[in-house]
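Below is one structure, written out as structure tokens; comments come after it.
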Amino acid sequence: QVQLVESGGGLVQAGGSLRLSCAASGSIFSIKAMGWSRQAPGKQRELVAGITSDGRTTYADYVKGRFTISRDNAKNTVYLQMNSLKPEDTAVYYCDVRTSSGSVYWGQGTQVTVSS
């Protein structure tokens with residue numbers, strides 16, 4: 001089992017920045033990849049960014065150049081630096097991890113609201 005605790009969400013004006021954090025605990029030795037997804041009201045959850053244990057990153061096209069994912073393996077924490085935020089980035093952001101056994105764990109979510 002892996003437990004995830006997210007933090008860093010909030011309200012920001014368009015063009016502003018936020019940094020999300022997600023700390024993992026439990027069976028952290030089994031974590032292979034970590035990532036972020038988001039879900040806006042009335043919409044399906046969509047992937048935002050991911051990072052493997054060796055630091056390879058992937059981004060959705062709609063956040064490329066604005067968001068940066070990183071991880072601190074010593075702290076078992078993944079971060080999402082979000083710059084140049086737009087109102088359409090408003091959503092609940094979820095952290096997730098994938099383990100070597102193929103299991104996926106999700107955090108409780110943190111609200112990000114971008115005002116125009």
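Scheme for the structure tokens: letters A, B, ... for chains in order shown; per-chain residue numbers from 1; ligand numbers from 1 in order shown.
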
Which residues come within 7 Å of Thr99 of chain A, counting only C-alpha atoms, excluding same-chain residues fewer than 4 positions away, as a PyMOL selection string? chain A and resi 30-32+103-104

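Here the residues within segment 11-108 of chain A that DSSP labels helix (DSSP H, G or I) on the basis of the backbone are Ile28, Phe29, Ser30, Pro87, Glu88 and Asp89 of chain A.
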
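Using only C-alpha atoms, the protein and nucleic acid residues lying no more than 7 Å from Leu85 of chain A, apart from those fewer than 4 places from it along its own chain, are Ala14, Gly15, Gly16, Ser17, Asp89 and Val114 of chain A.
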
Excluding segment 8-10 of chain A and its own-chain neighbours fewer than 2 positions away, which residues fall within 10 Å of it when counting only C-alpha atoms? Please give them as a PyMOL selection string. chain A and resi 6+12+18-22+79-81+90-93+109-114

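For the pair atom CA of Val2 of chain A and atom CA of Tyr105 of chain A, the interatomic distance is 6.6 Å.
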
For Arg98 of chain A, work out the shell of residues within 12 Å, counting only C-alpha atoms and skipping chain neighbours fewer than 6 positions away, then give it as a VMD selection string. chain A and resid 1 to 4 24 27 to 36 50 to 53 104 to 106

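Proximity to Thr68 of chain A was assessed for A:Asp54, A:Arg38, A:Asp96, A:Ser84 counting only C-alpha atoms; the smallest distance is recorded for A:Ser84.
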
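Among A:Pro41, A:Gly65, A:Ser115, A:Ala74, the residue with the shortest atom-to-atom distance to Lys86 of chain A, counting only C-alpha atoms, is A:Ser115.
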
Looking at A:Gln39, A:Asp72, A:Val78, A:Arg45, which one is nearest to Cys95 of chain A, with distances taken over only C-alpha atoms? A:Val78
